[in-house]
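Asker: Mind having a look at this structure? Questions to follow.
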Amino acid sequence: MLRFFLVNILIFSHLSWAKIPRVIHLTNGEWPPYLSKSLPNGGPSSQVIVEAFRLQGIEVIWGWYPWARSYILAKEGEYDGTVIWSVNEERKEYFLYTVPVLEEKRVLFHLVTKPIEWRTMNDLSKYEIGATVGYQYSKDFQEAEAQGILKVRRIAKESNNFKMLIANRVDLVIAT
């Protein structure tokens with residue numbers, strides 16, 4: 001019995017010396033030209049993230065999902081994390097943030113044939129605005145949307161907002 005016990009200790013202690021591959025599973029979403037499953041290396045932002053982990057000996061395995069689902073899958077622990085999110089209080093409860101990987105500027109797009117002049121969120125109240133589900137916009141925009149000052153139509157894909165703009169189904173699109 002002692003011999004069996006010692007042999008098992010030797011076998012299992014040897015296995016612990018073997019290098020275990022280090023892997024992290026992250027969710028990602030479609031946001032061309034920064035991130036996309038169809039871009040080389042998943043896009044430049046994905047590539048920066050992969051390289052940062054590679055330098056630490058960690059392989060990144062991506063799960064590509066719509067943004068809202070990416071967030072939920074990581075929040076519920078089905079993935080180790082999710083990438084390229086702006087900071088807000090709700091997300092801080094569940095996730096740790098790195099230094100920014102990229103900075104963005106949100107702007108309002110409109111048709112040339114329908115010029116828009118505005119200075120405040122109230123000035124935008126007469127327009128229907130296309131936005132993307134799961135995207136974080138400025139605090140002022142989000143508050144005006146929550147209070148019903150802004151008429152915002154959120155859809156899953158940012159590119160479809162531009163199709164709606166061209167088809168005159170929204171007056172403005174907020175995007176980067």
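Identifiers in the structure tokens: chain A, B, ... in order shown; residue index from 1 per chain; ligand index from 1 in order shown.
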Could you give me, as a tab-separated table, a per-residue list for range 53-95 of chain A showing, wherever an atom lies at most 10 Å from an atom of range 22-33 of chain A, the closest pair of atoms and their distance in Å to one decimal, using only C-alpha atoms and sorting by chain then residue number from low to high?
Answerer:
residue	atom	partner	partner_atom	distance
A:Phe53	CA	A:Ile24	CA	8.6
A:Arg54	CA	A:Val23	CA	9.8
A:Gln56	CA	A:Arg22	CA	9.3
A:Gly57	CA	A:Arg22	CA	6.8
A:Ile58	CA	A:Arg22	CA	4.9
A:Glu59	CA	A:Val23	CA	4.6
A:Val60	CA	A:Ile24	CA	5.1
A:Ile61	CA	A:His25	CA	4.8
A:Trp62	CA	A:Leu26	CA	5.2
A:Gly63	CA	A:Thr27	CA	4.6
A:Trp64	CA	A:Asn28	CA	5.0
A:Tyr65	CA	A:Gly29	CA	5.3
A:Pro66	CA	A:Gly29	CA	5.6
A:Trp67	CA	A:Gly29	CA	5.4
A:Ala68	CA	A:Gly29	CA	9.1
A:Arg69	CA	A:Thr27	CA	8.8
A:Ser70	CA	A:Thr27	CA	5.3
A:Tyr71	CA	A:Thr27	CA	7.6
A:Ile72	CA	A:Thr27	CA	9.7
A:Leu73	CA	A:Thr27	CA	7.7
A:Ala74	CA	A:Thr27	CA	6.9
A:Glu78	CA	A:His25	CA	8.7
A:Tyr79	CA	A:His25	CA	5.4
A:Asp80	CA	A:His25	CA	5.3
A:Gly81	CA	A:Leu26	CA	4.9
A:Thr82	CA	A:Thr27	CA	4.6
A:Val83	CA	A:Asn28	CA	5.9
A:Ile84	CA	A:Asn28	CA	8.0
A:Trp85	CA	A:Asn28	CA	10.0
Asker: Env of Ile149 in chain A: 10 Å cut, atoms = only C-alpha atoms, seq-sep filter 6 positions within chain, self excluded. Answer as a PyMOL selection string.
Answerer: chain A and resi 121-126+141+143
Asker: Give me the residues near His110 in chain A as a PyMOL selection string, where near means some atom within 12 Å (using only C-alpha atoms) and where sequence neighbours in that chain fewer than 6 positions away do not count.
Answerer: chain A and resi 116-117+127-130+161-175
Asker: Counting only C-alpha atoms, which residue out of A:Val99, A:Val107, A:Ala146, A:Val133 sits closest to Glu158 in chain A?
Answerer: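 Closest residue, counting only C-alpha atoms: A:Val133.
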Asker: What is the distance between CA of Gly43 in chain A and CA of Lys75 in chain A, in Å to one decimal?
Answerer: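 Spanning CA of Gly43 in chain A to CA of Lys75 in chain A is a straight-line distance of 23.5 Å.
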Asker: Grab the CA of Thr120 in chain A to CA of Leu150 in chain A distance for me, in Å with one decimal place.
Answerer: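 Here the two named atoms are 11.0 Å from each other.
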Asker: So which bits of range 121-174 of chain A end up strand (DSSP E) when you DSSP the backbone, as a list in words?
Answerer: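 Selecting the strand (DSSP E) positions of range 121-174 of chain A gives Glu128, Ile129, Gly130, Ala131, Thr132, Lys151, Val152, Arg153, Arg154, Ile155, Leu172, Val173 and Ile174 of chain A.
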Asker: Considering only C-alpha atoms, state which residue in the set A:Thr113, A:Ser138, A:Asn160, A:Ser86 is at the smallest distance from Pro100 in chain A.
Answerer: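 With only C-alpha atoms as the atom set, the closest residue is A:Ser86.
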